[in-house]
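Content type compact mmCIF, C-alpha atoms, from the file start_16.txt:
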# COMPACT_ATOMS: atom_id res chain seq x y z
CA MET A 1 2.05 -61.29 184.08
CA GLY A 2 -0.18 -60.95 181.04
CA LYS A 3 0.34 -57.21 181.05
CA ILE A 4 4.13 -57.49 181.15
CA LEU A 5 4.03 -60.09 178.39
CA SER A 6 1.91 -57.79 176.22
CA TYR A 7 4.34 -54.93 176.68
CA LEU A 8 7.24 -57.25 175.90
CA ALA A 9 5.58 -58.43 172.70
CA VAL A 10 4.90 -54.85 171.55
CA TYR A 11 8.44 -53.89 172.48
CA ALA A 12 9.88 -56.79 170.49
CA LEU A 13 7.82 -55.78 167.45
CA VAL A 14 8.80 -52.11 167.70
CA TYR A 15 12.47 -52.66 168.45
CA GLY A 16 12.80 -55.39 165.83
CA PHE A 17 11.35 -53.05 163.22
CA TYR A 18 13.64 -50.23 164.40
CA VAL A 19 16.74 -52.38 163.88
CA VAL A 20 15.61 -53.49 160.42
CA PHE A 21 14.50 -49.98 159.41
CA SER A 22 17.62 -48.14 160.55
CA GLY A 23 19.81 -50.99 159.31
CA ALA A 24 22.45 -50.02 161.84
CA THR A 25 24.21 -52.31 164.27
CA SER A 26 26.33 -49.68 166.02
CA ALA A 27 26.00 -49.40 169.79
CA PHE A 28 24.88 -45.80 169.23
CA SER A 29 21.84 -46.86 167.21
CA LEU A 30 21.01 -49.93 169.26
CA ILE A 31 21.03 -48.15 172.62
CA LEU A 32 19.21 -44.99 171.52
CA GLY A 33 16.73 -47.20 169.66
CA ALA A 34 16.12 -49.30 172.75
CA VAL A 35 15.15 -46.17 174.67
CA GLY A 36 13.06 -44.78 171.82
CA SER A 37 11.29 -48.10 171.30
CA LEU A 38 10.45 -48.24 174.99
CA LEU A 39 8.67 -44.88 174.76
CA VAL A 40 6.87 -45.92 171.58
CA SER A 41 5.74 -49.23 173.12
CA LEU A 42 4.35 -47.46 176.17
CA ILE A 43 2.35 -45.12 173.93
CA VAL A 44 0.94 -47.62 171.43
CA LYS A 45 0.36 -50.72 173.56
CA PRO A 46 -3.23 -49.79 174.53
CA LEU A 47 -3.94 -49.11 170.87
CA ILE A 48 -2.81 -52.40 169.37
CA VAL A 49 -3.33 -54.99 172.11
CA SER A 50 -6.99 -55.84 172.65
CA ARG A 51 -6.50 -58.69 175.13
CA GLU A 52 -3.57 -59.46 177.42
CA LEU A 53 -1.27 -62.15 176.07
CA LYS A 54 -0.51 -65.49 177.64
CA LEU A 55 2.64 -67.55 177.43
CA ALA A 56 0.78 -70.16 175.36
CA ASP A 57 0.22 -67.54 172.65
CA ILE A 58 3.76 -68.11 171.45
CA LYS A 59 2.54 -70.98 169.29
CA ARG A 60 0.30 -68.51 167.44
CA LEU A 61 3.49 -66.74 166.41
CA GLY A 62 4.72 -70.04 164.99
CA TYR A 63 1.52 -70.36 162.96
CA LEU A 64 1.95 -66.79 161.75
CA ILE A 65 5.45 -67.47 160.44
CA TYR A 66 4.29 -70.73 158.86
CA TYR A 67 1.32 -68.96 157.27
CA TYR A 68 3.55 -66.18 155.94
CA ILE A 69 5.79 -68.69 154.17
CA TYR A 70 2.84 -70.71 152.89
CA TYR A 71 1.06 -67.58 151.66
CA MET A 72 4.06 -66.07 149.90
CA THR A 73 5.12 -69.29 148.20
CA VAL A 74 1.99 -71.37 147.55
CA ALA A 75 -1.08 -69.13 147.62
CA GLU A 76 0.47 -66.14 145.85
CA VAL A 77 2.13 -68.19 143.13
CA ARG A 78 -1.07 -70.13 142.47
CA ALA A 79 -3.13 -66.94 142.16
CA HIS A 80 -0.54 -65.20 139.99
CA LEU A 81 -0.38 -68.17 137.61
CA GLY A 82 -4.17 -68.10 137.25
CA ILE A 83 -4.20 -64.38 136.43
CA ALA A 84 -1.18 -64.66 134.13
CA LYS A 85 -3.04 -67.31 132.14
CA ILE A 86 -6.05 -64.97 131.76
CA VAL A 87 -3.90 -61.97 130.84
CA LEU A 88 -1.81 -63.81 128.27
CA SER A 89 -4.61 -65.70 126.53
CA ARG A 90 -5.99 -64.15 123.36
CA LYS A 91 -9.59 -64.68 124.40
CA LEU A 92 -10.84 -62.97 127.56
CA LYS A 93 -12.42 -65.63 129.73
CA ILE A 94 -13.58 -63.77 132.83
CA SER A 95 -16.84 -63.45 134.72
CA PRO A 96 -16.35 -60.56 137.14
CA ALA A 97 -18.82 -60.28 140.01
CA ILE A 98 -19.06 -59.14 143.60
CA VAL A 99 -19.86 -62.08 145.87
CA LYS A 100 -20.73 -62.31 149.53
CA VAL A 101 -18.26 -64.34 151.57
CA PRO A 102 -18.97 -65.13 155.22
CA TYR A 103 -16.23 -65.36 157.83
CA TYR A 104 -16.29 -66.96 161.26
CA VAL A 105 -13.23 -65.65 163.12
CA SER A 106 -14.11 -63.49 166.11
CA SER A 107 -11.19 -61.04 166.33
CA SER A 108 -10.80 -58.04 164.06
CA TYR A 109 -7.17 -58.99 163.49
CA GLY A 110 -8.28 -62.37 162.14
CA MET A 111 -10.84 -60.73 159.87
CA THR A 112 -8.24 -58.25 158.64
CA LEU A 113 -5.80 -61.06 157.93
CA ILE A 114 -8.42 -62.83 155.81
CA ALA A 115 -9.39 -59.62 154.00
CA GLY A 116 -5.75 -58.69 153.40
CA SER A 117 -4.93 -62.16 152.13
CA ILE A 118 -7.88 -62.06 149.72
CA THR A 119 -7.00 -58.61 148.42
CA ASN A 120 -3.31 -59.31 148.06
CA THR A 121 -3.86 -62.36 145.86
CA PRO A 122 -4.56 -61.14 142.34
CA GLY A 123 -8.05 -61.80 141.03
CA THR A 124 -9.91 -61.07 144.25
CA VAL A 125 -10.41 -57.76 146.07
CA VAL A 126 -12.37 -57.12 149.26
CA VAL A 127 -14.55 -54.08 148.62
CA GLN A 128 -16.64 -53.93 151.79
CA VAL A 129 -16.97 -55.60 155.15
CA ASP A 130 -20.08 -56.05 157.25
CA THR A 131 -18.82 -56.71 160.78
CA GLN A 132 -22.32 -57.03 162.23
CA ARG A 133 -23.39 -59.93 160.01
CA LYS A 134 -19.83 -61.09 159.39
CA PHE A 135 -19.70 -60.87 155.62
CA LEU A 136 -16.95 -59.77 153.28
CA TYR A 137 -17.98 -58.46 149.88
CA VAL A 138 -15.37 -59.64 147.41
CA HIS A 139 -14.88 -58.63 143.82
CA TRP A 140 -13.99 -61.85 142.06
CA LEU A 141 -12.57 -61.86 138.57
CA VAL A 142 -13.62 -65.39 137.68
CA ALA A 143 -16.74 -65.88 139.77
CA THR A 144 -17.90 -69.48 139.54
CA THR A 145 -20.66 -69.27 142.14
CA PHE A 146 -22.81 -66.76 144.00
CA GLU A 147 -23.50 -69.14 146.88
CA PRO A 148 -21.79 -67.53 149.96
CA GLU A 149 -20.62 -70.84 151.44
CA LYS A 150 -19.29 -72.15 148.14
CA ALA A 151 -17.57 -68.85 147.41
CA ARG A 152 -15.94 -69.02 150.83
CA GLU A 153 -14.78 -72.54 150.00
CA SER A 154 -12.88 -71.40 146.91
CA ILE A 155 -11.78 -67.93 148.04
CA SER A 156 -11.02 -67.72 151.73
CA SER A 157 -11.40 -71.05 153.56
CA GLU A 158 -7.66 -71.72 153.34
CA PHE A 159 -6.84 -68.26 154.74
CA GLU A 160 -9.49 -68.52 157.43
CA LYS A 161 -8.09 -71.80 158.75
CA PHE A 162 -4.83 -70.01 159.56
CA ALA A 163 -6.48 -66.78 160.72
CA GLN A 164 -8.43 -68.82 163.27
CA LYS A 165 -5.24 -70.41 164.55
CA ILE A 166 -3.23 -67.18 164.59
CA PHE A 167 -5.67 -64.60 165.96
CA GLY A 168 -8.78 -66.59 166.95
CA MET B 1 -3.57 -57.07 113.51
CA ARG B 2 -0.63 -59.39 113.93
CA THR B 3 1.80 -57.17 112.00
CA ARG B 4 0.73 -54.14 113.98
CA GLU B 5 1.55 -55.84 117.29
CA VAL B 6 4.94 -56.93 115.97
CA VAL B 7 5.74 -53.42 114.78
CA ILE B 8 4.80 -51.94 118.18
CA ALA B 9 6.89 -54.51 120.05
CA VAL B 10 9.94 -53.99 117.83
CA SER B 11 9.74 -50.20 117.97
CA VAL B 12 9.43 -50.17 121.78
CA ALA B 13 12.41 -52.50 122.07
CA ALA B 14 14.37 -50.35 119.61
CA MET B 15 13.58 -47.22 121.61
CA VAL B 16 14.85 -48.79 124.85
CA VAL B 17 18.07 -49.99 123.21
CA LEU B 18 18.73 -46.66 121.46
CA LEU B 19 18.01 -44.65 124.64
CA ALA B 20 20.35 -46.90 126.63
CA TYR B 21 23.03 -46.44 123.97
CA ALA B 22 22.57 -42.67 123.90
CA ILE B 23 22.92 -42.46 127.68
CA GLU B 24 25.90 -44.81 127.64
CA VAL B 25 27.92 -42.64 125.20
CA GLY B 26 26.83 -39.44 126.96
CA GLY B 27 24.61 -38.26 124.12
CA LEU B 28 22.13 -36.64 126.50
CA GLY B 29 24.86 -34.71 128.30
CA PRO B 30 26.38 -35.62 131.65
CA ILE B 31 23.75 -36.88 134.11
CA ALA B 32 25.51 -35.30 137.08
CA PRO B 33 28.27 -32.71 136.75
CA GLN B 34 31.70 -34.13 137.50
CA ARG B 35 33.03 -30.97 139.10
CA ILE B 36 31.46 -29.49 142.21
CA ARG B 37 31.68 -25.84 143.11
CA ASP B 38 34.27 -24.66 145.63
CA LEU B 39 31.66 -23.69 148.20
CA ALA B 40 30.07 -27.15 148.08
CA ALA B 41 33.50 -28.75 148.29
CA THR B 42 34.34 -26.71 151.39
CA TYR B 43 31.21 -27.92 153.16
CA LEU B 44 31.72 -31.51 152.10
CA ILE B 45 35.32 -31.51 153.34
CA ASN B 46 34.66 -29.74 156.62
CA THR B 47 31.33 -31.29 157.67
CA TYR B 48 33.24 -34.15 159.25
CA ASN B 49 36.78 -32.97 159.77
CA PRO B 50 38.23 -34.19 163.09
CA TRP B 51 41.68 -32.81 162.12
CA ASN B 52 40.47 -29.22 162.08
CA ILE B 53 37.61 -29.00 164.52
CA THR B 54 37.28 -25.21 164.29
CA LEU B 55 35.80 -25.55 160.79
CA SER B 56 33.83 -28.74 161.38
CA SER B 57 30.53 -29.75 162.92
CA LEU B 58 31.56 -33.41 163.28
CA SER B 59 28.44 -34.65 161.52
CA LEU B 60 28.53 -37.26 158.78
CA GLU B 61 25.55 -35.68 157.03
CA ALA B 62 26.34 -32.43 155.20
CA VAL B 63 22.71 -31.32 154.88
CA THR B 64 21.99 -31.56 158.60
CA ALA B 65 25.28 -29.86 159.39
CA ILE B 66 24.39 -26.94 157.14
CA VAL B 67 20.80 -26.74 158.33
CA TRP B 68 21.44 -26.82 162.06
CA ASP B 69 25.05 -25.65 162.40
CA TYR B 70 26.42 -23.53 159.56
CA ARG B 71 23.10 -21.70 159.13
CA GLY B 72 21.54 -22.65 162.46
CA ILE B 73 19.92 -19.29 163.22
CA ASP B 74 18.14 -19.38 159.87
CA THR B 75 16.64 -22.74 160.73
CA PHE B 76 15.68 -21.47 164.14
CA PHE B 77 13.61 -18.74 162.52
CA GLU B 78 12.10 -21.26 160.09
CA THR B 79 10.95 -23.26 163.07
CA SER B 80 9.59 -20.09 164.62
CA VAL B 81 7.65 -19.33 161.44
CA LEU B 82 6.01 -22.75 161.64
CA PHE B 83 5.23 -22.12 165.28
CA VAL B 84 3.67 -18.75 164.54
CA ALA B 85 1.57 -20.36 161.79
CA ILE B 86 0.28 -22.89 164.30
CA VAL B 87 -0.41 -20.18 166.84
CA GLY B 88 -2.38 -18.46 164.10
CA VAL B 89 -4.41 -21.58 163.37
CA THR B 90 -5.27 -22.13 167.03
CA SER B 91 -6.12 -18.49 167.69
CA LEU B 92 -8.37 -18.43 164.63
CA LEU B 93 -10.74 -20.78 166.45
CA ARG B 94 -9.81 -19.78 169.99
CA GLY B 95 -12.30 -20.92 172.56
CA PHE B 96 -12.95 -24.26 170.88
CA ARG B 97 -13.45 -27.23 173.12
CA GLU B 98 -12.70 -30.83 172.12
CA LYS B 99 -15.65 -33.10 172.71
CA THR B 100 -16.10 -36.84 172.49
CA GLY B 101 -19.24 -38.73 171.55
CA LEU B 102 -20.02 -36.71 168.42
CA SER B 103 -19.33 -38.99 165.49
CA SER B 104 -16.99 -41.92 165.66
CA ALA B 105 -17.70 -44.05 162.63
CA GLY B 106 -14.33 -43.73 160.92
CA LEU B 107 -13.41 -46.04 158.06
CA SER B 108 -14.04 -49.77 157.78
CA GLU B 109 -12.82 -52.31 160.32
CA ILE B 110 -10.17 -53.58 157.90
CA VAL B 111 -8.59 -50.15 157.52
CA LYS B 112 -8.74 -49.59 161.27
CA THR B 113 -6.99 -52.84 162.09
CA SER B 114 -4.35 -52.33 159.42
CA THR B 115 -3.68 -48.85 160.76
CA LYS B 116 -3.33 -50.30 164.25
CA VAL B 117 -0.62 -52.65 163.02
CA LEU B 118 1.14 -49.84 161.18
CA ALA B 119 0.95 -47.32 164.03
CA PRO B 120 3.92 -48.50 166.11
CA LEU B 121 6.02 -48.97 162.98
CA ILE B 122 5.36 -45.43 161.72
CA LEU B 123 6.09 -44.03 165.14
CA VAL B 124 9.39 -45.84 165.58
CA ALA B 125 10.43 -45.08 162.00
CA GLY B 126 9.99 -41.39 162.80
CA VAL B 127 12.09 -41.80 165.93
CA ALA B 128 14.81 -43.59 163.96
CA ILE B 129 14.91 -40.91 161.25
CA ALA B 130 15.17 -38.14 163.84
CA LEU B 131 17.91 -39.86 165.86
CA HIS B 132 20.01 -40.65 162.79
CA GLY B 133 19.64 -37.18 161.28
CA HIS B 134 23.35 -36.41 161.54
CA LEU B 135 24.41 -39.80 160.12
CA THR B 136 21.95 -40.51 157.29
CA PRO B 137 19.54 -38.42 155.20
CA GLY B 138 16.60 -37.21 157.24
CA GLY B 139 16.48 -35.33 160.48
CA GLY B 140 14.20 -33.76 163.03
CA PHE B 141 11.69 -32.25 160.62
CA GLN B 142 11.35 -35.42 158.59
CA GLY B 143 11.07 -37.66 161.66
CA GLY B 144 8.53 -35.31 163.24
CA SER B 145 6.47 -35.29 160.05
CA PHE B 146 6.39 -39.09 160.13
CA ILE B 147 4.96 -39.00 163.63
CA ALA B 148 2.43 -36.33 162.67
CA VAL B 149 1.30 -38.57 159.79
CA LEU B 150 0.41 -41.18 162.38
CA PHE B 151 -1.89 -38.75 164.19
CA ILE B 152 -3.52 -37.74 160.90
CA LEU B 153 -3.98 -41.42 159.97
CA LEU B 154 -5.52 -42.19 163.34
CA SER B 155 -7.94 -39.29 163.25
CA VAL B 156 -9.01 -40.10 159.69
CA THR B 157 -9.39 -43.86 160.03
CA PHE B 158 -10.69 -43.95 163.60
CA SER B 159 -12.24 -40.44 163.71
CA LEU B 160 -11.06 -37.48 165.72
CA ASP B 161 -13.23 -38.71 168.57
CA TYR B 162 -11.05 -41.76 169.02
CA ALA B 163 -7.83 -39.75 168.98
CA ILE B 164 -9.20 -37.41 171.64
CA SER B 165 -10.44 -40.23 173.85
CA TYR B 166 -7.04 -41.91 173.45
CA GLY B 167 -5.64 -38.96 175.37
CA ILE B 168 -4.51 -36.62 172.63
CA SER B 169 -5.65 -33.07 173.25
CA SER B 170 -4.73 -29.68 171.86
CA ARG B 171 -3.49 -28.66 175.29
CA LYS B 172 -1.04 -31.58 175.43
CA LEU B 173 0.10 -31.07 171.85
CA LEU B 174 0.74 -27.40 172.52
CA ALA B 175 2.72 -28.30 175.64
CA LEU B 176 4.80 -30.83 173.66
CA ARG B 177 5.37 -28.29 170.90
CA SER B 178 6.50 -25.67 173.40
CA GLY B 179 8.69 -28.25 175.12
CA GLY B 180 10.41 -28.97 171.82
CA LEU B 181 10.99 -25.29 171.16
CA ILE B 182 12.36 -24.72 174.66
CA GLY B 183 14.68 -27.68 174.05
CA ILE B 184 15.92 -26.07 170.84
CA LEU B 185 16.48 -22.78 172.65
CA VAL B 186 18.36 -24.44 175.51
CA THR B 187 20.53 -26.38 173.05
CA SER B 188 21.44 -23.23 171.15
CA LEU B 189 22.41 -21.46 174.38
CA ALA B 190 24.02 -24.45 176.12
CA LEU B 191 27.63 -23.54 175.34
CA LEU B 192 26.99 -19.87 176.02
CA ILE B 193 25.75 -20.67 179.51
CA ALA B 194 28.68 -23.03 180.11
CA SER B 195 31.14 -20.39 178.97
CA LEU B 196 29.62 -17.80 181.30
CA ILE B 197 30.22 -20.17 184.20
CA LEU B 198 33.75 -21.07 183.07
CA GLY B 199 34.62 -17.50 182.10
CA VAL B 200 35.59 -18.06 178.46
CA ASN B 201 34.20 -16.71 175.19
CA SER B 202 31.59 -18.46 173.07
CA TYR B 203 28.92 -17.87 170.44
CA ILE B 204 25.18 -18.42 170.28
CA PHE B 205 24.45 -21.63 168.36
CA GLN B 206 28.03 -22.73 168.86
CA ASN B 207 28.59 -26.41 168.19
CA MET B 208 32.30 -27.26 168.01
CA ALA B 209 35.17 -25.14 169.29
CA ARG B 210 35.88 -22.08 167.16
CA GLU B 211 38.74 -19.59 166.98
CA GLY B 212 38.82 -17.88 170.38
CA ALA B 213 35.88 -19.91 171.73
CA PRO B 214 37.35 -23.14 173.04
CA LEU B 215 34.25 -25.01 174.27
CA SER B 216 32.74 -27.91 172.28
CA MET B 217 29.55 -29.90 172.67
CA PRO B 218 30.12 -33.60 173.47
CA SER B 219 30.64 -35.01 170.02
CA TRP B 220 30.64 -38.79 170.49
CA PHE B 221 28.16 -41.24 171.95
CA LEU B 222 29.72 -44.70 172.25
CA ASP B 223 30.87 -45.58 168.74
CA ARG B 224 29.30 -42.89 166.56
CA PRO B 225 29.63 -39.09 166.36
CA THR B 226 26.63 -37.10 167.54
CA GLY B 227 27.41 -33.90 165.70
CA GLY B 228 27.44 -32.04 169.01
CA THR B 229 24.29 -29.95 169.06
CA LEU B 230 22.84 -31.64 165.97
CA ILE B 231 21.41 -34.71 167.69
CA TRP B 232 19.73 -32.49 170.28
CA PHE B 233 18.34 -30.11 167.66
CA ASN B 234 17.00 -33.06 165.67
CA THR B 235 15.37 -34.66 168.70
CA PHE B 236 13.67 -31.49 169.88
CA GLU B 237 12.72 -30.46 166.35
CA ALA B 238 11.08 -33.87 165.84
CA LEU B 239 9.07 -33.34 169.01
CA ALA B 240 8.10 -29.80 168.05
CA VAL B 241 7.15 -30.66 164.47
CA ALA B 242 5.21 -33.81 165.40
CA ALA B 243 3.16 -31.97 168.00
CA GLY B 244 2.83 -28.82 165.90
CA ILE B 245 1.56 -30.42 162.70
CA SER B 246 -0.74 -32.72 164.69
CA LEU B 247 -2.13 -29.69 166.49
CA ALA B 248 -2.74 -27.82 163.25
CA PHE B 249 -4.52 -30.85 161.80
CA LEU B 250 -6.58 -31.30 164.94
CA VAL B 251 -7.75 -27.68 164.90
CA LEU B 252 -8.53 -27.73 161.18
CA SER B 253 -10.58 -30.92 161.48
CA LEU B 254 -12.64 -29.87 164.49
CA ARG B 255 -16.33 -30.63 164.23
CA GLU B 256 -19.02 -27.98 164.18
CA GLU B 257 -20.17 -28.71 167.72
CA GLU B 258 -16.66 -28.09 169.00
CA VAL B 259 -16.25 -24.66 167.47
CA GLU B 260 -19.79 -23.41 168.13
CA GLU B 261 -18.73 -21.38 171.10
CA ALA B 262 -15.67 -20.00 169.35
CA LEU B 263 -17.64 -18.95 166.29
CA GLY B 264 -20.49 -17.61 168.42
CA GLN B 265 -18.05 -15.30 170.16
CA VAL B 266 -16.94 -13.87 166.84
CA GLU B 267 -20.53 -13.02 165.94
CA TRP B 268 -21.00 -11.40 169.32
CA TYR B 269 -17.97 -9.17 168.76
CA GLU B 270 -19.46 -7.96 165.52
Please express what this file holds, its structure, as structure tokens.
Amino acid sequence: MGKILSYLAVYALVYGFYVVFSGATSAFSLILGAVGSLLVSLIVKPLIVSRELKLADIKRLGYLIYYYIYYMTVAEVRAHLGIAKIVLSRKLKISPAIVKVPYYVSSSYGMTLIAGSITNTPGTVVVQVDTQRKFLYVHWLVATTFEPEKARESISSEFEKFAQKIFG
Amino acid sequence: MRTREVVIAVSVAAMVVLLAYAIEVGGLGPIAPQRIRDLAATYLINTYNPWNITLSSLSLEAVTAIVWDYRGIDTFFETSVLFVAIVGVTSLLRGFREKTGLSSAGLSEIVKTSTKVLAPLILVAGVAIALHGHLTPGGGFQGGSFIAVLFILLSVTFSLDYAISYGISSRKLLALRSGGLIGILVTSLALLIASLILGVNSYIFQNMAREGAPLSMPSWFLDRPTGGTLIWFNTFEALAVAAGISLAFLVLSLREEEVEEALGQVEWYE
């Protein structure tokens, strides 16, 4: 059951992307794409699925969509406004530093989501990850603290809350 | 300081406005020529011409029609050249043996996971480009290159070790590459074989019916044209190119331990 569900999920991702990418709704494209996507799913499923999915995992998808909207509207806009203020002001008020930020999610997908979210918001860039001790090294344009826990509080705690819910 | 900034801002704005004006009135000459040459016009008119099938290849994409139909044999030899180059690369280090357990550090966990997410998307994008080669820009070579990029990405981010233990081997890639080439060969001879059975005339690389050669490849699939042979050429070319470029990359990025035997042999010959 879990195995079939995993294949179905990969297939949905692949075929969904195929339809968007080719932008075609003709029967020709849809049917050939369905066959092609099936082959692709069979090849890549062992690569991208690390544990078999359960039916209850569907609510993680809901969190993912919610997080995407939240991230694109709230988090990104907030970070961009902060950087725009720095860029447009006549006096440069920055304190760049690389800080150590711990993370507590267990899956590599969760960690990647946090790292990607940090990097994609302007002002912070993940430069290195230590998966053994679970630290991200983040270049922070306006570093206010070097304390790992406090840095986590202001950089990634919001992202991590969702990463935990989405990927665990 | 203030005046300098104002002067810079005004002059940049003036440049943009003046450039836009110059382009608008055609001061820089026509961007694209209005008239096309007769030869180009002939191809554009006949690429998809269901009213006169003997001149047409029933493809909506002129480039693919020219590449695989009007000058199909040329493209066949281009593909052969690529194949010979890959044969050369593999024979240069003949006797190599892929091994696992050498070095498998790869790049950081973040890059690995991102690549994992991208992998199926790259793969299916390549498939889409290859299958739509006769309808939209792109085709077998482009789609196959997409897929080869995935292999290169995997072996760089995860290490060659991972790619090999995932089941990719030079033997399999060579088999896929040869399969693609055999597919191209069969497609180019398909109508010839059919005409031998039916007892009519036909050409090598024939796509649609020509003067005195009445057979045509099936030209429609459901609601879109397939361009006859074009969709088959594109599919097999994608397979051949994906496997071929991956194979070349695999051989070129072999580790020292894997080519020891091959290089040792060379020394022994000397």
Considering all atoms listed in the file, can you say which of A:Tyr68, A:Tyr104, A:Phe17, A:Phe159 comes closest to chain B?
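Checking each of A:Tyr68, A:Tyr104, A:Phe17, A:Phe159 against chain B, counting all atoms listed in the file, the winner is A:Phe17.
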Considering all atoms listed in the file, state which residue in the set B:Leu176, B:Leu222, B:Val117, B:Leu131 is at the smallest distance from A:Lys45.
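Of all the options, B:Val117 lies closest to A:Lys45.
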Near-stretch 116-131 of chain A list (8 Å; only C-alpha atoms; drop same-chain fewer than 2 positions) as JSON, numbers by chain
{"A": [75, 76, 79, 80, 83, 112, 113, 114, 133, 134, 135, 136, 137, 138, 139, 140, 141, 142, 155, 156, 159], "B": [108, 109, 110]}
Would you put the residues from that selection into a file with C-alpha atoms, as a PDB file, in the frame of the given file?
ATOM      1  CA  ALA A  75      -1.080 -69.130 147.620  1.00  0.00           C
ATOM      2  CA  GLU A  76       0.470 -66.140 145.850  1.00  0.00           C
ATOM      3  CA  ALA A  79      -3.130 -66.940 142.160  1.00  0.00           C
ATOM      4  CA  HIS A  80      -0.540 -65.200 139.990  1.00  0.00           C
ATOM      5  CA  ILE A  83      -4.200 -64.380 136.430  1.00  0.00           C
ATOM      6  CA  THR A 112      -8.240 -58.250 158.640  1.00  0.00           C
ATOM      7  CA  LEU A 113      -5.800 -61.060 157.930  1.00  0.00           C
ATOM      8  CA  ILE A 114      -8.420 -62.830 155.810  1.00  0.00           C
ATOM      9  CA  ARG A 133     -23.390 -59.930 160.010  1.00  0.00           C
ATOM     10  CA  LYS A 134     -19.830 -61.090 159.390  1.00  0.00           C
ATOM     11  CA  PHE A 135     -19.700 -60.870 155.620  1.00  0.00           C
ATOM     12  CA  LEU A 136     -16.950 -59.770 153.280  1.00  0.00           C
ATOM     13  CA  TYR A 137     -17.980 -58.460 149.880  1.00  0.00           C
ATOM     14  CA  VAL A 138     -15.370 -59.640 147.410  1.00  0.00           C
ATOM     15  CA  HIS A 139     -14.880 -58.630 143.820  1.00  0.00           C
ATOM     16  CA  TRP A 140     -13.990 -61.850 142.060  1.00  0.00           C
ATOM     17  CA  LEU A 141     -12.570 -61.860 138.570  1.00  0.00           C
ATOM     18  CA  VAL A 142     -13.620 -65.390 137.680  1.00  0.00           C
ATOM     19  CA  ILE A 155     -11.780 -67.930 148.040  1.00  0.00           C
ATOM     20  CA  SER A 156     -11.020 -67.720 151.730  1.00  0.00           C
ATOM     21  CA  PHE A 159      -6.840 -68.260 154.740  1.00  0.00           C
TER      22      PHE A 159
ATOM     23  CA  SER B 108     -14.040 -49.770 157.780  1.00  0.00           C
ATOM     24  CA  GLU B 109     -12.820 -52.310 160.320  1.00  0.00           C
ATOM     25  CA  ILE B 110     -10.170 -53.580 157.900  1.00  0.00           C
TER      26      ILE B 110
END
Near A:Ala143, within 6 Å and counting all atoms listed in the file, which residues show up once chain neighbours fewer than 3 positions away are dropped, as a list in words?
Ser95, Pro96, Ala97 and Trp140 of chain A
Mind running chain B against chain A at 7 Å and telling me each contacting residue's nearest atom pair with the distance in Å (one decimal), counting all atoms listed in the file, chain and number ascending, as a Markdown table?
| residue | atom | partner | partner_atom | distance |
| --- | --- | --- | --- | --- |
| B:Ile110 | CA | A:Thr112 | CA | 5.1 |
| B:Thr113 | CA | A:Tyr109 | CA | 6.3 |
| B:Lys116 | CA | A:Ile48 | CA | 5.6 |
| B:Val117 | CA | A:Ile48 | CA | 6.7 |
| B:Pro120 | CA | A:Val44 | CA | 6.2 |
| B:Leu121 | CA | A:Val14 | CA | 6.3 |
| B:Leu123 | CA | A:Val40 | CA | 6.8 |
| B:Val124 | CA | A:Tyr18 | CA | 6.2 |
| B:Ala125 | CA | A:Tyr18 | CA | 6.5 |
| B:Val127 | CA | A:Gly36 | CA | 6.7 |
| B:Ala128 | CA | A:Ser22 | CA | 6.3 |
| B:Phe221 | CA | A:Phe28 | CA | 6.2 |
| B:Leu222 | CA | A:Phe28 | CA | 5.8 |
| B:Asp223 | CA | A:Phe28 | CA | 6.0 |
| B:Arg224 | CA | A:Phe28 | CA | 5.9 |
Per residue of stretch 142-221 of chain B within 8 Å of stretch 57-75 of chain B, record the nearest atom pair and its distance in Å to one decimal, counting all atoms listed in the file, with rows in chain order and ascending residue number, as a Markdown table.
| residue | atom | partner | partner_atom | distance |
| --- | --- | --- | --- | --- |
| B:Phe205 | CA | B:Gly72 | CA | 6.7 |
| B:Gln206 | CA | B:Asp69 | CA | 7.7 |
| B:Asn207 | CA | B:Ser57 | CA | 6.5 |
| B:Met208 | CA | B:Ser57 | CA | 5.9 |
| B:Ser219 | CA | B:Leu58 | CA | 7.0 |
